[in-house]
Amino acid sequence: MLSSHFLFLLLTASGVRAAPNFVVENASPLLENASAHTRVATVAVSLSPHTSLVGDPVILNASPVVHPFVLSRRSSYLWDLIITGVPKLDFEAIALYSLTIFARDSSEATASQTLFVQIEDVNEPPTFTGSLAQEDQGTKVTELYITEDTAPGTIIYKAVAKDPEDAVLEYFISPESSGFTIDSTGAISTAMALDFERDTRSFSLVIKVVDPGGLFATGNLKISLINVNNKDPTLACSLFSVENGVWSVTSTNSTLHHHINITLDEEIPVGTTIAVCQAADEDDLGGLTFGLEAVDDYFAVDQEKGTLVTTTRLDVEKTGFARALSFSIKACDNDQRCATIPVTTYVHGINDNSPFCDHYLIRYTGKEEIAKDTIIAKLTCHDLDKPPDTIHYAPSSGPVGSGQLFEQVPNAENFIQVTKELDYESPEVVAAGHIYEMMISVFDDLHPSHTVTVTILVEIAPDNDFSPKFQASRYVFSVPETSGAYYKVGQVTAIDEDHPPNCLTYKIISGDIQAVRRFWIHPFSGVIELTSQPDYESVRQYNLTVQAVDCDRAHPRTAEATVTVDIEDENDEAPVCIPYLSTAVISDDVVAGTNVNGLKLNCHDRDSHDFEMRFEIASGNENLHFKLDPSRGTNTPKLIVQNPFSFESGTEVQRRYHLVVHVIDDNLKYGKAIKPKTGTAVMDIYVRRTSMPPSPTSSEQRKGLTIVYTAINTYENSAWYVPFVLTLMAVFFAGLVSWMCFLFWRYGNIKDCSQKMTKEDSKSKLKGMKYVVGDKNQKEKNVITETRNKKLEVLTETAVYETVFDGEAIDPVSGKVYAYNSRTGARKWKTLVGHQEESFGSTYALSEARPLKESTSLKTSVKHQFL
């Protein structure tokens with residue numbers, strides 16, 4: 001049943017009589033622009049007796065799922081279906097909603113009913129999309145930026161609007177005289193040329209869109225112009241001319257398009273300001289800089305201030321210099337839009353160069369006489385100024401001029417001639433010393449004027465009839481080898497009878513064969529000097545040829561002499577040993593007098609004999625273990641061991657010896673050299689330990705009697721008295737032994753005495769007894785342990801002379817201190833080794849005898865045998 005545009009259909013029911021029933025009442029028609037909380041329909045629910053509704057009815061299975069409807073309770077069994085406003089009703093989007101209402105009573109009976117809600121279309125105003133869409137009641141403004149150089153008719157923006165009913169829309173723009181137009185599609189275009197510097201820089205426009213029903217929407221658009229660098233800068237300059245020192249100024253600007261000509265004197269100071277410029281730019285974007293367009297480097301402009309200065313000397317006389325210099329001053333912005341002023345500079349020449357001549361001293365020499373009107377000088381002078389200036393010549397001093405001995409040739413001022421004959425024998429010439437001196441001034445233009453002076457010497461000389469002669473044909477000089485530069489070797493002298501007398505110059509023409517000349521002769525005095533120190537070992541004698549030349553330039557005459565220079569030998573060379581460094585390795589058991597690995601020096605001296613060397617070990621010879629043999633009289637001494645090494649003593653720990661040997665060349669037969677020289681050689685010797693001395697260790701001691709007398713007597717070969725004393729002591733002990741044997745034979749049986757002593761010892765001692773038997777064939781003491789029941793058979797007494805112990809060390813096993821002899825290796829405990837006191841006697845410390853091969857020991861043993 002369809003009523004009031006709402007169709008309510010009951011599609012389903014619970015199928016049970018007691019199920020709830022829905023009663024839906026229609027409301028007013030629902031338009032698409034209905035506001036929130038608008039009532040759509042009223043839903044009533046009827047229940048069976050004794051039942052109640054569980055909760056409120058709910059909307060299930062809506063289509064579409066998202067809808068703007070909700071049930072609002074009015075009373076216990078009555079609800080209103082209202083609009084929430086979200087989502088908004090839109091006929092163009094959804095024209096029909098399907099809602100299923102579901103309810104349940106307390107008896108678990110359920111019921112549902114489907115409700116269709118149809119939306120009616122309503123004409124709505126169009127709306128802008130994009131940036132013109134209004135979000136706050138038309139207050140939003142869309143800003144648009146365009147460049148000022150946008151051409152008329154260019155589309156700068158397109159307004160887009162939509163109509164809910166998809167009707168055809170119309171667009172309008174206001175104000176219409178704003179310079180912009182809009183077409184039927186919403187495209188906004190420029191209608192005129194824009195200028196940021198002269199016109200309005202921003203435009204506020206209202207864009208209106210209208211649908212056929214008269215509904216409209218508006219949008220606010222603000223168009224702003226962006227400044228564009230589309231105009232060239234303008235340049236204004238004041239340029240200065242300098243001609244003959246007079247300044248003038250010319251002003252112009254780039255808008256006049258004039259070519260400016262200025263004139264500058266040459267040689268104006270570098271850095272002179274010749275133009276001052278200013279620039280402007282309507283775009284006002286900043287960044288204006290000044291520059292030059294030129295093909296030369298004579299001018300420069302300050303990039304920021306626009307000041308134009310000269311940078312190079314302007315010299316019209318310079319080769320390749322152009323007297324007309326063209327360039328352009330320009331001012332450019334950041335985009336290199338420039339304004340220029342072309343300039344041509346004409347360089348005006350000035351008289352800035354002095355004249356110069358080919359010769360400033362002109363010498364004329366006449367033989368015996370000079371005829372009248374003889375040209376004695378021709379002055380050749382020039383001027384670099386352009387155009388060439390006239391050069392003038394005028395006498396300034398000397399006998400030249402009207403009425404003088406010399407005058408200028410008429411119509412040829414640069415020629416000087418003699419006015420009368422001049423004879424060498426003439427008294428006037430003799431009084432003048434046969435030489436005349438005059439000066440001629442050479443100058444250019446008078447404003448300004450530059451002057452130079454040329455000197456003319458006229459000499460009247462006799463004929464060169466005689467050759468020079470040396471006072472001796474051979475000179476002999478001696479020079480010490482240690483002489484340095486500027487040492488005066490000697491002097492040679494020559495004479496010349498021609499006039500002027502003895503006008504000679506000297507030079508060495510041969511004999512100085514060194515790459516760098518060793519000798520120098522004074523050209524006028526003839527004094528010979530050294531230029532560097534000679535070397536006797538390289539060259540012992542020089543034979544120089546010295547030449548003397550007279551003053552006749554036309555036909556000079558010469559003479560030669562031989563100069564012998566003997567170099568005197570001096571001691572100036574230090575001995576040199578080859579090799580400089582020697583190394584060797586030796587053992588610590590090497591005996592005195594042994595040559596170290598056959599090592600010997602090999603030294604030579606360029607200015608001394610080999611037998612004139614002596615050798616000294618300057619450093620590194622600790623404990624004087626080494627010496628050089630022989631120490632003088634040879635150039636190849638051997639290195640020998642002077643004192644053996646004794647590392648066992650503990651006082652000597654050094655193994656590496658760095659021997660610095662001085663080689664002195666003063667071992668002369670009849671005295672020492674006055675200035676001896678010393679060379680150096682180095683020997684590195686490493687001493688290798690062959691064996692380490694064994695440390696004494698205490699053997700296991702047992703109770704008993706230990707009687708050991710050990711002594712070692714060592715001596716050096718130089719101690720002659722030692723064997724003599726030992727011989728006497730041996731004789732004495734031999735007599736003593738004989739005497740003791742006589743006593744034993746006389747006073748009783750040795751066996752009975754022995755048994756008696758054993759019994760007495762057994763009573764005093766309950767435990768085993770210890771006896772020590774000394775045997776010289778053993779290096780160590782032998783210990784014999786006897787039980788107390790075994791009778792004593794042999795008692796040996798060893799008497800050894802006590803030796804001298806010169807060192808101490810610590811036993812690595814027991815940690816005790818022992819003394820030792822560094823030569824023989826004998827050692828003993830520093831302190832007595834404590835043992836338990838025995839009734840039989842005391843236990844004494846033992847000393848081991850370990851003599852070296854070169855040591856001498858003497859032992860005397862006395863053996864008593866008790867039978």
# chains A, B, ... in the order shown; residues from 1 in each chain; ligands from 1
$ residues_around --residues "region 269-284 of chain A" --least-positions-apart "6" --cutoff "10 Å" --atoms "only C-alpha atoms" --output "ChimeraX atom specification"
/A:196-198,227-242,247,249-254,262-263,290,298-302,304-314,329-333,337-339
$ write_last_selection --atoms "N, CA and C atoms" --output "short mmCIF file (atom, residue, chain, number, x, y, z; two decimals), in the first residue's frame"
data_model
loop_
_atom_site.label_atom_id
_atom_site.label_comp_id
_atom_site.auth_asym_id
_atom_site.auth_seq_id
_atom_site.Cartn_x
_atom_site.Cartn_y
_atom_site.Cartn_z
N PHE A 196 54.23 46.03 -14.53
CA PHE A 196 54.39 46.07 -13.08
C PHE A 196 54.82 47.45 -12.60
N GLU A 197 55.62 48.15 -13.43
CA GLU A 197 56.15 49.43 -12.98
C GLU A 197 55.14 50.57 -13.14
N ARG A 198 54.19 50.46 -14.05
CA ARG A 198 53.30 51.59 -14.33
C ARG A 198 51.85 51.33 -13.94
N ASN A 227 57.05 40.99 -10.80
CA ASN A 227 57.97 41.85 -11.54
C ASN A 227 58.92 40.99 -12.37
N VAL A 228 59.08 41.35 -13.62
CA VAL A 228 59.93 40.61 -14.55
C VAL A 228 60.97 41.57 -15.10
N ASN A 229 62.17 41.05 -15.24
CA ASN A 229 63.25 41.87 -15.78
C ASN A 229 63.06 41.97 -17.29
N ASN A 230 62.24 42.89 -17.71
CA ASN A 230 61.90 43.04 -19.13
C ASN A 230 62.27 44.40 -19.68
N LYS A 231 63.05 45.16 -18.92
CA LYS A 231 63.45 46.49 -19.41
C LYS A 231 64.96 46.61 -19.27
N ASP A 232 65.58 47.23 -20.23
CA ASP A 232 67.02 47.45 -20.19
C ASP A 232 67.35 48.58 -19.23
N PRO A 233 68.53 48.49 -18.56
CA PRO A 233 68.94 49.62 -17.71
C PRO A 233 69.25 50.85 -18.55
N THR A 234 69.38 51.97 -17.91
CA THR A 234 69.83 53.20 -18.56
C THR A 234 71.16 53.59 -17.95
N LEU A 235 72.05 54.14 -18.79
CA LEU A 235 73.41 54.47 -18.38
C LEU A 235 73.70 55.91 -18.74
N ALA A 236 74.23 56.64 -17.76
CA ALA A 236 74.62 58.03 -17.98
C ALA A 236 76.06 58.19 -17.55
N CYS A 237 76.90 58.81 -18.42
CA CYS A 237 78.33 58.93 -18.15
C CYS A 237 78.81 60.34 -18.43
N SER A 238 79.82 60.74 -17.64
CA SER A 238 80.57 61.97 -17.90
C SER A 238 81.99 61.54 -18.23
N LEU A 239 82.45 61.83 -19.47
CA LEU A 239 83.75 61.40 -19.93
C LEU A 239 84.67 62.62 -20.05
N PHE A 240 85.97 62.42 -19.70
CA PHE A 240 86.93 63.52 -19.64
C PHE A 240 87.95 63.37 -20.75
N SER A 241 88.30 64.53 -21.34
CA SER A 241 89.36 64.60 -22.34
C SER A 241 90.52 65.39 -21.75
N VAL A 242 91.76 64.94 -22.07
CA VAL A 242 92.97 65.64 -21.62
C VAL A 242 93.87 65.82 -22.83
N TRP A 247 91.88 69.86 -19.42
CA TRP A 247 90.80 68.92 -19.20
C TRP A 247 89.49 69.48 -19.71
N VAL A 249 85.04 67.97 -20.36
CA VAL A 249 84.12 66.91 -20.01
C VAL A 249 83.01 66.83 -21.05
N THR A 250 82.56 65.59 -21.33
CA THR A 250 81.45 65.33 -22.24
C THR A 250 80.48 64.40 -21.53
N SER A 251 79.18 64.79 -21.48
CA SER A 251 78.17 63.98 -20.80
C SER A 251 77.21 63.40 -21.82
N THR A 252 76.75 62.18 -21.58
CA THR A 252 75.81 61.50 -22.47
C THR A 252 75.14 60.39 -21.69
N ASN A 253 74.09 59.80 -22.32
CA ASN A 253 73.44 58.63 -21.72
C ASN A 253 73.10 57.65 -22.82
N SER A 254 72.75 56.45 -22.40
CA SER A 254 72.56 55.36 -23.36
C SER A 254 71.31 55.54 -24.20
N ILE A 262 86.84 60.97 -27.21
CA ILE A 262 87.61 61.76 -26.26
C ILE A 262 89.07 61.68 -26.65
N THR A 263 89.87 62.61 -26.14
CA THR A 263 91.31 62.67 -26.43
C THR A 263 92.07 62.64 -25.12
N PHE A 290 78.85 47.39 -13.67
CA PHE A 290 79.45 48.08 -14.79
C PHE A 290 80.55 47.21 -15.39
N TYR A 298 93.96 48.70 -21.63
CA TYR A 298 94.42 50.02 -21.21
C TYR A 298 93.47 50.68 -20.22
N PHE A 299 92.22 50.21 -20.12
CA PHE A 299 91.23 50.84 -19.26
C PHE A 299 90.52 49.78 -18.44
N ALA A 300 89.97 50.21 -17.30
CA ALA A 300 89.20 49.31 -16.44
C ALA A 300 88.13 50.14 -15.75
N VAL A 301 87.00 49.50 -15.44
CA VAL A 301 85.89 50.19 -14.80
C VAL A 301 85.58 49.49 -13.48
N ASP A 302 85.26 50.27 -12.47
CA ASP A 302 84.85 49.72 -11.19
C ASP A 302 83.45 49.12 -11.36
N GLU A 304 81.16 48.27 -9.35
CA GLU A 304 80.09 48.78 -8.49
C GLU A 304 79.91 50.29 -8.60
N LYS A 305 81.02 51.02 -8.69
CA LYS A 305 80.93 52.49 -8.68
C LYS A 305 80.83 53.08 -10.08
N GLY A 306 81.25 52.36 -11.12
CA GLY A 306 81.16 52.87 -12.48
C GLY A 306 82.23 53.87 -12.83
N THR A 307 83.36 53.87 -12.11
CA THR A 307 84.45 54.80 -12.39
C THR A 307 85.41 54.15 -13.37
N LEU A 308 85.72 54.84 -14.49
CA LEU A 308 86.61 54.33 -15.52
C LEU A 308 87.98 54.96 -15.35
N VAL A 309 89.04 54.11 -15.23
CA VAL A 309 90.40 54.60 -15.02
C VAL A 309 91.33 53.94 -16.03
N THR A 310 92.52 54.55 -16.19
CA THR A 310 93.56 53.95 -17.02
C THR A 310 94.31 52.90 -16.19
N THR A 311 94.67 51.81 -16.82
CA THR A 311 95.37 50.73 -16.11
C THR A 311 96.77 50.48 -16.65
N THR A 312 97.09 51.03 -17.79
CA THR A 312 98.39 50.78 -18.42
C THR A 312 98.91 52.09 -18.99
N ARG A 313 100.23 52.18 -19.00
CA ARG A 313 100.88 53.37 -19.56
C ARG A 313 100.51 53.53 -21.03
N LEU A 314 100.09 54.74 -21.40
CA LEU A 314 99.76 55.06 -22.79
C LEU A 314 100.99 55.64 -23.45
N ILE A 329 81.36 51.31 -22.70
CA ILE A 329 81.01 51.22 -21.29
C ILE A 329 79.61 50.63 -21.21
N LYS A 330 79.41 49.67 -20.35
CA LYS A 330 78.10 49.03 -20.25
C LYS A 330 77.71 48.86 -18.80
N ALA A 331 76.36 48.85 -18.61
CA ALA A 331 75.78 48.54 -17.30
C ALA A 331 74.77 47.43 -17.51
N CYS A 332 74.90 46.33 -16.77
CA CYS A 332 74.08 45.14 -16.98
C CYS A 332 73.44 44.71 -15.68
N ASP A 333 72.20 44.15 -15.82
CA ASP A 333 71.55 43.60 -14.64
C ASP A 333 71.89 42.11 -14.54
N ARG A 337 70.83 42.04 -19.22
CA ARG A 337 70.23 43.09 -20.05
C ARG A 337 71.07 44.34 -19.80
N CYS A 338 71.63 44.90 -20.87
CA CYS A 338 72.67 45.91 -20.72
C CYS A 338 72.31 47.19 -21.46
N ALA A 339 72.90 48.27 -20.95
CA ALA A 339 72.89 49.56 -21.65
C ALA A 339 74.34 49.91 -21.92
#
$ residues_around --residues "Asp496 (chain A)" --least-positions-apart "2" --cutoff "9 Å" --atoms "only C-alpha atoms" --output "count of residues only"
13
$ select_by_dssp --residues "region 169-369 of chain A" --states "helix (DSSP H, G or I)" --output "PDB file with N, CA, C and O atoms, in the first residue's frame"
ATOM      1  N   GLU A 176      34.034  44.302 -14.818  1.00  0.00           N
ATOM      2  CA  GLU A 176      34.290  43.907 -16.198  1.00  0.00           C
ATOM      3  C   GLU A 176      35.451  44.673 -16.806  1.00  0.00           C
ATOM      4  O   GLU A 176      36.059  44.222 -17.768  1.00  0.00           O
ATOM      5  N   SER A 177      35.786  45.831 -16.257  1.00  0.00           N
ATOM      6  CA  SER A 177      36.882  46.657 -16.797  1.00  0.00           C
ATOM      7  C   SER A 177      38.213  46.368 -16.100  1.00  0.00           C
ATOM      8  O   SER A 177      39.111  47.208 -16.089  1.00  0.00           O
ATOM      9  N   SER A 178      38.286  45.229 -15.512  1.00  0.00           N
ATOM     10  CA  SER A 178      39.501  44.918 -14.758  1.00  0.00           C
ATOM     11  C   SER A 178      40.667  44.553 -15.644  1.00  0.00           C
ATOM     12  O   SER A 178      41.810  44.461 -15.181  1.00  0.00           O
ATOM     13  N   SER A 254      72.747  56.447 -22.399  1.00  0.00           N
ATOM     14  CA  SER A 254      72.558  55.364 -23.363  1.00  0.00           C
ATOM     15  C   SER A 254      71.311  55.537 -24.203  1.00  0.00           C
ATOM     16  O   SER A 254      71.217  54.959 -25.295  1.00  0.00           O
ATOM     17  N   THR A 255      70.349  56.314 -23.744  1.00  0.00           N
ATOM     18  CA  THR A 255      69.116  56.472 -24.528  1.00  0.00           C
ATOM     19  C   THR A 255      69.323  57.344 -25.762  1.00  0.00           C
ATOM     20  O   THR A 255      68.526  57.307 -26.692  1.00  0.00           O
ATOM     21  N   LEU A 256      70.440  58.121 -25.770  1.00  0.00           N
ATOM     22  CA  LEU A 256      70.706  58.984 -26.921  1.00  0.00           C
ATOM     23  C   LEU A 256      71.395  58.239 -28.050  1.00  0.00           C
ATOM     24  O   LEU A 256      71.436  58.732 -29.194  1.00  0.00           O
TER      25      LEU A 256
END
$ residues_around --residues "Asp512 (chain A)" --least-positions-apart "6" --cutoff "10 Å" --atoms "only C-alpha atoms" --output "mmCIF file with C-alpha atoms, in the first residue's frame"
data_model
loop_
_atom_site.group_PDB
_atom_site.id
_atom_site.type_symbol
_atom_site.label_atom_id
_atom_site.label_comp_id
_atom_site.auth_asym_id
_atom_site.auth_seq_id
_atom_site.Cartn_x
_atom_site.Cartn_y
_atom_site.Cartn_z
ATOM 1 C CA ARG A 518 142.667 29.892 -11.046
ATOM 2 C CA PHE A 519 144.570 33.156 -11.717
ATOM 3 C CA TRP A 520 143.645 36.748 -12.507
ATOM 4 C CA TYR A 542 151.393 26.305 -13.464
ATOM 5 C CA ASN A 543 153.191 27.808 -16.471
ATOM 6 C CA LEU A 544 151.339 30.931 -17.480
ATOM 7 C CA THR A 545 151.877 33.067 -20.538
#
$ atom_distance --atom1 "CA of Val722 (chain A)" --atom2 "CA of Phe626 (chain A)"
27.8 Å
$ closest_residue --among "A:Leu384, A:Cys551, A:Val563, A:Ile260" --to "Asp352 (chain A)" --atoms "only C-alpha atoms"
A:Leu384
$ select_by_dssp --residues "region 434-520 of chain A" --states "strand (DSSP E or B)" --output "CSV table (one decimal) with N, CA and C atoms, in the first residue's frame"
chain,number,residue,atom,x,y,z
A,435,ILE,N,145.7,66.2,-26.4
A,435,ILE,CA,144.3,65.7,-26.3
A,435,ILE,C,143.4,66.9,-26.1
A,436,TYR,N,142.3,67.0,-26.9
A,436,TYR,CA,141.3,68.0,-26.8
A,436,TYR,C,140.0,67.4,-26.5
A,437,GLU,N,139.3,68.0,-25.5
A,437,GLU,CA,138.0,67.5,-25.1
A,437,GLU,C,136.9,68.6,-25.3
A,438,MET,N,135.8,68.2,-25.9
A,438,MET,CA,134.7,69.1,-26.1
A,438,MET,C,133.4,68.4,-25.9
A,439,MET,N,132.3,69.2,-25.7
A,439,MET,CA,131.0,68.6,-25.5
A,439,MET,C,130.0,69.3,-26.3
A,440,ILE,N,129.1,68.5,-26.9
A,440,ILE,CA,128.0,69.0,-27.8
A,440,ILE,C,126.7,68.6,-27.1
A,441,SER,N,125.8,69.6,-27.0
A,441,SER,CA,124.5,69.4,-26.4
A,441,SER,C,123.5,69.1,-27.5
A,442,VAL,N,122.7,68.0,-27.3
A,442,VAL,CA,121.7,67.5,-28.3
A,442,VAL,C,120.4,67.6,-27.6
A,443,PHE,N,119.4,68.4,-28.2
A,443,PHE,CA,118.1,68.6,-27.6
A,443,PHE,C,117.1,68.6,-28.7
A,451,THR,N,117.5,67.3,-23.2
A,451,THR,CA,118.9,67.5,-23.7
A,451,THR,C,119.8,66.3,-23.2
A,452,VAL,N,120.7,65.9,-24.1
A,452,VAL,CA,121.7,64.9,-23.8
A,452,VAL,C,123.1,65.6,-24.3
A,453,THR,N,124.1,65.0,-23.8
A,453,THR,CA,125.5,65.6,-24.1
A,453,THR,C,126.3,64.5,-24.7
A,454,VAL,N,127.1,64.9,-25.7
A,454,VAL,CA,128.0,64.0,-26.4
A,454,VAL,C,129.4,64.6,-26.2
A,455,THR,N,130.3,63.7,-25.7
A,455,THR,CA,131.7,64.1,-25.5
A,455,THR,C,132.6,63.7,-26.6
A,456,ILE,N,133.4,64.6,-27.1
A,456,ILE,CA,134.3,64.3,-28.2
A,456,ILE,C,135.8,64.5,-27.7
A,457,LEU,N,136.6,63.4,-27.9
A,457,LEU,CA,138.0,63.5,-27.6
A,457,LEU,C,138.8,63.4,-28.8
A,458,VAL,N,139.7,64.3,-29.0
A,458,VAL,CA,140.6,64.3,-30.2
A,458,VAL,C,142.0,64.2,-29.7
A,459,GLU,N,142.6,63.2,-30.1
A,459,GLU,CA,144.0,62.9,-29.7
A,459,GLU,C,144.9,62.8,-30.9
A,460,ILE,N,146.0,63.5,-30.7
A,460,ILE,CA,147.1,63.5,-31.7
A,460,ILE,C,148.2,62.6,-31.2
A,461,ALA,N,148.4,61.5,-31.8
A,461,ALA,CA,149.4,60.5,-31.3
A,461,ALA,C,150.5,60.3,-32.3
A,469,LYS,N,158.2,45.7,-23.8
A,469,LYS,CA,159.2,44.7,-23.4
A,469,LYS,C,159.0,44.4,-21.9
A,470,PHE,N,159.1,43.1,-21.5
A,470,PHE,CA,159.0,42.7,-20.1
A,470,PHE,C,160.4,42.9,-19.5
A,474,ARG,N,161.1,35.4,-17.8
A,474,ARG,CA,160.5,34.4,-17.0
A,474,ARG,C,160.4,34.8,-15.6
A,475,TYR,N,159.2,34.6,-15.0
A,475,TYR,CA,159.0,35.0,-13.6
A,475,TYR,C,158.6,33.7,-12.9
A,476,VAL,N,159.2,33.5,-11.7
A,476,VAL,CA,158.9,32.3,-10.9
A,476,VAL,C,158.4,32.8,-9.5
A,477,PHE,N,157.2,32.2,-9.2
A,477,PHE,CA,156.6,32.6,-7.9
A,477,PHE,C,156.2,31.3,-7.2
A,478,SER,N,156.1,31.3,-5.9
A,478,SER,CA,155.7,30.2,-5.1
A,478,SER,C,154.4,30.6,-4.3
A,479,VAL,N,153.5,29.7,-4.2
A,479,VAL,CA,152.2,29.9,-3.6
A,479,VAL,C,151.9,28.8,-2.6
A,480,PRO,N,151.6,29.1,-1.3
A,480,PRO,CA,151.2,28.0,-0.4
A,480,PRO,C,149.9,27.4,-0.8
A,488,LYS,N,147.9,37.5,-3.4
A,488,LYS,CA,148.8,38.1,-4.4
A,488,LYS,C,150.0,37.1,-4.7
A,489,VAL,N,150.0,36.6,-5.9
A,489,VAL,CA,151.0,35.7,-6.4
A,489,VAL,C,152.3,36.4,-6.7
A,490,GLY,N,152.2,37.5,-7.4
A,490,GLY,CA,153.4,38.3,-7.8
A,490,GLY,C,153.0,39.3,-8.8
A,491,GLN,N,154.0,40.0,-9.4
A,491,GLN,CA,153.7,41.1,-10.3
A,491,GLN,C,154.7,41.0,-11.5
A,494,ALA,N,156.2,45.4,-17.7
A,494,ALA,CA,156.7,45.7,-19.0
A,494,ALA,C,156.8,47.2,-19.2
A,495,ILE,N,157.6,47.6,-20.2
A,495,ILE,CA,157.8,49.0,-20.5
A,495,ILE,C,157.5,49.2,-22.0
A,504,LEU,N,150.1,50.4,-21.1
A,504,LEU,CA,150.0,48.9,-21.4
A,504,LEU,C,148.9,48.3,-20.6
A,505,THR,N,148.4,47.2,-21.2
A,505,THR,CA,147.4,46.4,-20.5
A,505,THR,C,148.0,44.9,-20.5
A,506,TYR,N,147.6,44.2,-19.4
A,506,TYR,CA,148.2,42.8,-19.3
A,506,TYR,C,147.0,41.8,-19.3
A,507,LYS,N,147.3,40.6,-19.8
A,507,LYS,CA,146.3,39.6,-19.7
A,507,LYS,C,147.0,38.2,-19.8
A,508,ILE,N,146.4,37.2,-19.2
A,508,ILE,CA,146.9,35.8,-19.3
A,508,ILE,C,146.3,35.1,-20.5
A,509,ILE,N,147.1,34.7,-21.4
A,509,ILE,CA,146.6,34.1,-22.6
A,509,ILE,C,146.7,32.6,-22.7
A,510,SER,N,147.5,32.0,-21.8
A,510,SER,CA,147.5,30.5,-21.8
A,510,SER,C,148.1,30.1,-20.4
A,519,PHE,N,143.8,31.9,-11.9
A,519,PHE,CA,144.6,33.2,-11.7
A,519,PHE,C,143.9,34.3,-12.4
A,520,TRP,N,144.1,35.5,-11.9
A,520,TRP,CA,143.6,36.7,-12.5
A,520,TRP,C,144.8,37.8,-12.5
$ residues_around --residues "Asp684 (chain A)" --least-positions-apart "5" --cutoff "6 Å" --atoms "only C-alpha atoms" --output "number ranges by chain"
A: 583, 657-658
$ atom_distance --atom1 "CA of Ser532 (chain A)" --atom2 "CA of Asp566 (chain A)"
15.1 Å
$ residues_around --residues "region 57-67 of chain A" --least-positions-apart "5" --cutoff "7 Å" --atoms "only C-alpha atoms" --output "list in words"
Pro87, Tyr97, Ser98, Leu99, Thr100, Ile101, Phe102 and Ala103 of chain A
$ closest_residue --among "A:Lys162, A:Arg553, A:Arg201, A:Lys378" --to "Ile146 (chain A)" --atoms "only C-alpha atoms"
A:Arg201
$ atom_distance --atom1 "CA of Gly214 (chain A)" --atom2 "CA of Leu144 (chain A)"
28.3 Å
$ closest_residue --among "A:Val663, A:Phe647, A:Met683, A:Val316" --to "Gly807 (chain A)" --atoms "only C-alpha atoms"
A:Phe647
$ closest_residue --among "A:Pro534, A:Val347, A:Tyr393, A:Val661" --to "Ala412 (chain A)" --atoms "only C-alpha atoms"
A:Tyr393
$ residues_around --residues "Ala109 (chain A)" --least-positions-apart "3" --cutoff "7 Å" --atoms "only C-alpha atoms" --output "PyMOL selection string"
chain A and resi 19+104-105
$ write_last_selection --atoms "N, CA and C atoms" --output "short mmCIF file (atom, residue, chain, number, x, y, z; two decimals), in the first residue's frame"
data_model
loop_
_atom_site.label_atom_id
_atom_site.label_comp_id
_atom_site.auth_asym_id
_atom_site.auth_seq_id
_atom_site.Cartn_x
_atom_site.Cartn_y
_atom_site.Cartn_z
N ALA A 19 3.97 -12.89 18.24
CA ALA A 19 5.10 -12.05 17.84
C ALA A 19 4.70 -10.59 17.86
N ARG A 104 12.41 -7.49 19.46
CA ARG A 104 12.34 -8.77 20.17
C ARG A 104 11.64 -8.50 21.50
N ASP A 105 10.66 -9.46 21.85
CA ASP A 105 9.98 -9.31 23.14
C ASP A 105 10.61 -10.24 24.16
#
$ closest_residue --among "A:Val343, A:Ala324, A:Ala548, A:Ile376" --to "Ile362 (chain A)" --atoms "only C-alpha atoms"
A:Ile376
